[in-house]
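Remarks on the structure that follows.
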Amino acid sequence: MSGFAPLPKPVPAISEVDFLKFKDFFYRRTGINFEMSKRYFVDKRLMERIEKTGTKDFRGYFTLLRFQASGEELQQLTNLMTVNETYFLREDYQFRCLVSSILPEIVRHRTVKSPIRIWCIPSSSGEEPYSIAMCLLENWSGIREWDVEIISSDIDTGILRRARAGRYSARSVQHVPVHWLKKYFKAAGEDYQLCSDIRDAVEFTRVNLSEPSETLSYRGFDVIFCRNLLIYFDDVSRTAAAETFYEAMNPGGFICLGHSESMSRISSLFKVRKFPEAIVYQKGLETK
Ligand SMILES: C[S@@+](CC[C@H](N)C(=O)[O-])C[C@H]1O[C@@H](n2cnc3c(N)ncnc32)[C@H](O)[C@@H]1O
């Protein structure tokens, strides 16, 4: 026996043609549009999954991706391709707007005492919907009178598991006021564990916003938060997302986007509402 270590298995390369085939397929399935500049990011993940699944090369792997009946490999790959950056109280001026302007307007127009429904998509690891739950409890007096349902969705099943677990790093909670930290979190080693009262206030579901059959049952929302997702879409998938939101909302419902996203550039379905705290978009009270 020689003393040499075995040579590492050659890593299959992804050609430009393969990249473009994959880009087109992934865009049609998820709405996510990878520019050529993202090639290194995409190729690295594809190669990782080719090795893990033992499919040898791009061709074999792409066949598995497209034709596997369970769709499990597509889900695994999607979990690797998503960018999950988020933290508690991100762009918190919108939460102030929710409490001071949006909810008061919604309840003013409400004739029946039905629950106020909020859809937060994408949830990523849960910091955004949990921030909303805490802001309502701490700052909205209407919470004593009105039932609020918060449903939060993401395409990534791995990140949804983390959202439900509610365990966060110091970085993730760095903008949470100390008295909220004491009230709603427990130390868990170097991390922070969110209490079950807040965790139970949010229902997490797996939804692909770009798959119409998956959003069909999402209806009757008064407020939608869709922040920092449309930046990964192109104009066509953004417009489709706007139409999905329109269908999902009650007349007079509001939608909040991330600071670099604008509904006016995407669709004319919503009107712009300028509140002192933030600019948001609203579905008309009179709808077709
Ligand atoms: C940058 S995070 C935004 C999280 C949070 N809304 C925020 O602003 O902090 C983007 C999330 O979008 C999710 N995502 C990407 N494509 C999606 C799709 N087609 N449907 C639903 N969620 C998607 C990703 O899994 C990721 O968790």
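Ligands are numbered from 1 in the order shown, residues from 1 within each chain, and chains are lettered A, B, ... in the order they appear in the structure tokens.
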
Per-residue DSSP, segment 141-232 of chain A, filtered to strand (DSSP E or B), as number ranges by chain: A: 148-154, 167-168, 185-188, 191-194, 202-206, 221-226

8 Å shell around ligand 1 using only C-alpha atoms and all ligand atoms, listed as a ChimeraX atom specification: /A:29-32,78-79,82-88,90,120-128,153-156,159,206-211,225-229,232,258

Atomic distance atom CA of Ile150 of chain A - atom CA of Ile224 of chain A, expressed in Å with one decimal: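 Interatomic distance here is 9.8 Å.
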
Under the rule of at most 9 Å, produce a per-residue listing of segment 150-186 of chain A near segment 131-139 of chain A: chain, number, name, the closest pair of atoms, and the distance in Å, as JSON lines, using only C-alpha atoms.
{"residue": "A:Ile150", "atom": "CA", "partner": "A:Ala133", "partner_atom": "CA", "distance": 7.7}
{"residue": "A:Val176", "atom": "CA", "partner": "A:Ser131", "partner_atom": "CA", "distance": 8.9}
{"residue": "A:Trp180", "atom": "CA", "partner": "A:Met134", "partner_atom": "CA", "distance": 8.3}
{"residue": "A:Tyr184", "atom": "CA", "partner": "A:Met134", "partner_atom": "CA", "distance": 8.4}

Prev. selection, all heavy atoms, output as a PDB file, in the first residue's frame:
ATOM      1  N   ILE A 150     -51.745  36.400  13.098  1.00  0.00           N
ATOM      2  CA  ILE A 150     -50.532  36.660  12.303  1.00  0.00           C
ATOM      3  C   ILE A 150     -50.099  35.343  11.661  1.00  0.00           C
ATOM      4  O   ILE A 150     -49.786  34.373  12.352  1.00  0.00           O
ATOM      5  CB  ILE A 150     -49.376  37.219  13.169  1.00  0.00           C
ATOM      6  CG1 ILE A 150     -49.818  38.457  13.941  1.00  0.00           C
ATOM      7  CG2 ILE A 150     -48.156  37.536  12.294  1.00  0.00           C
ATOM      8  CD1 ILE A 150     -48.787  38.998  14.920  1.00  0.00           C
ATOM      9  N   VAL A 176     -33.450  45.016  19.928  1.00  0.00           N
ATOM     10  CA  VAL A 176     -34.598  44.808  20.823  1.00  0.00           C
ATOM     11  C   VAL A 176     -34.322  45.554  22.131  1.00  0.00           C
ATOM     12  O   VAL A 176     -33.253  45.377  22.731  1.00  0.00           O
ATOM     13  CB  VAL A 176     -34.800  43.293  21.104  1.00  0.00           C
ATOM     14  CG1 VAL A 176     -35.932  43.070  22.098  1.00  0.00           C
ATOM     15  CG2 VAL A 176     -35.043  42.533  19.800  1.00  0.00           C
ATOM     16  N   TRP A 180     -37.728  44.604  26.742  1.00  0.00           N
ATOM     17  CA  TRP A 180     -38.424  43.565  25.941  1.00  0.00           C
ATOM     18  C   TRP A 180     -37.637  42.259  26.017  1.00  0.00           C
ATOM     19  O   TRP A 180     -38.217  41.185  26.094  1.00  0.00           O
ATOM     20  CB  TRP A 180     -38.540  43.972  24.474  1.00  0.00           C
ATOM     21  CG  TRP A 180     -39.515  45.069  24.173  1.00  0.00           C
ATOM     22  CD1 TRP A 180     -40.004  46.013  25.044  1.00  0.00           C
ATOM     23  CD2 TRP A 180     -40.109  45.338  22.896  1.00  0.00           C
ATOM     24  NE1 TRP A 180     -40.844  46.859  24.381  1.00  0.00           N
ATOM     25  CE2 TRP A 180     -40.934  46.470  23.069  1.00  0.00           C
ATOM     26  CE3 TRP A 180     -40.013  44.750  21.645  1.00  0.00           C
ATOM     27  CZ2 TRP A 180     -41.669  47.017  22.007  1.00  0.00           C
ATOM     28  CZ3 TRP A 180     -40.737  45.295  20.587  1.00  0.00           C
ATOM     29  CH2 TRP A 180     -41.558  46.418  20.780  1.00  0.00           C
ATOM     30  N   TYR A 184     -39.558  39.006  27.156  1.00  0.00           N
ATOM     31  CA  TYR A 184     -39.996  38.019  26.160  1.00  0.00           C
ATOM     32  C   TYR A 184     -38.956  36.943  25.826  1.00  0.00           C
ATOM     33  O   TYR A 184     -39.262  36.009  25.082  1.00  0.00           O
ATOM     34  CB  TYR A 184     -40.391  38.729  24.861  1.00  0.00           C
ATOM     35  CG  TYR A 184     -41.573  39.661  25.022  1.00  0.00           C
ATOM     36  CD1 TYR A 184     -41.437  41.037  24.851  1.00  0.00           C
ATOM     37  CD2 TYR A 184     -42.834  39.158  25.364  1.00  0.00           C
ATOM     38  CE1 TYR A 184     -42.527  41.890  24.997  1.00  0.00           C
ATOM     39  CE2 TYR A 184     -43.918  40.011  25.512  1.00  0.00           C
ATOM     40  CZ  TYR A 184     -43.754  41.371  25.328  1.00  0.00           C
ATOM     41  OH  TYR A 184     -44.834  42.215  25.482  1.00  0.00           O
TER      42      TYR A 184
END

Selection: 7 Å around Phe221 of chain A, only C-alpha atoms, excl. self and same-chain fewer than 4 positions, as JSON, numbers by chain: {"A": [117, 118, 119, 248, 249, 250, 253]}

With only C-alpha atoms as the counted atoms, please give the residues lying no more than 7 Å from Ser267 of chain A, apart from itself and same-chain residues fewer than 4 positions off, as a short mmCIF file (atom, residue, chain, number, x, y, z; two decimals) with N, CA and C atoms, in the first residue's frame.
data_model
loop_
_atom_site.label_atom_id
_atom_site.label_comp_id
_atom_site.auth_asym_id
_atom_site.auth_seq_id
_atom_site.Cartn_x
_atom_site.Cartn_y
_atom_site.Cartn_z
N THR A 239 -44.85 41.60 -10.71
CA THR A 239 -46.22 41.95 -11.08
C THR A 239 -47.17 40.83 -10.67
N ALA A 242 -47.78 41.05 -7.03
CA ALA A 242 -48.72 42.14 -6.69
C ALA A 242 -50.16 41.67 -6.90
N MET A 263 -44.18 49.61 -4.89
CA MET A 263 -45.32 49.03 -5.59
C MET A 263 -45.66 49.86 -6.82
#

DSSP-assigned alpha helix (DSSP H) among segment 47-230 of chain A, expressed as a PyMOL selection string: chain A and resi 47-53+58-67+72-81+93-97+103-109+127-139+157-165+178-184+196-200+212-215

Atom-to-atom span, atom CA of Lys44 of chain A and atom CA of Phe58 of chain A, Å: 12.0 Å

Computed interatomic separation between atom CA of Leu216 of chain A and atom CA of Ile255 of chain A (Å):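 Going from atom CA of Leu216 of chain A over to atom CA of Ile255 of chain A covers 18.0 Å.
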
Residue nearest Gly166 of chain A - candidates A:Met36, A:Val148, A:Ile198, A:Val272, atoms counted: only C-alpha atoms: A:Ile198

Near-Ser114 of chain A list (12 Å; only C-alpha atoms; drop same-chain fewer than 4 positions) as JSON, numbers by chain: {"A": [106, 107, 109, 110, 145, 146, 147, 148, 149, 220, 221, 222]}
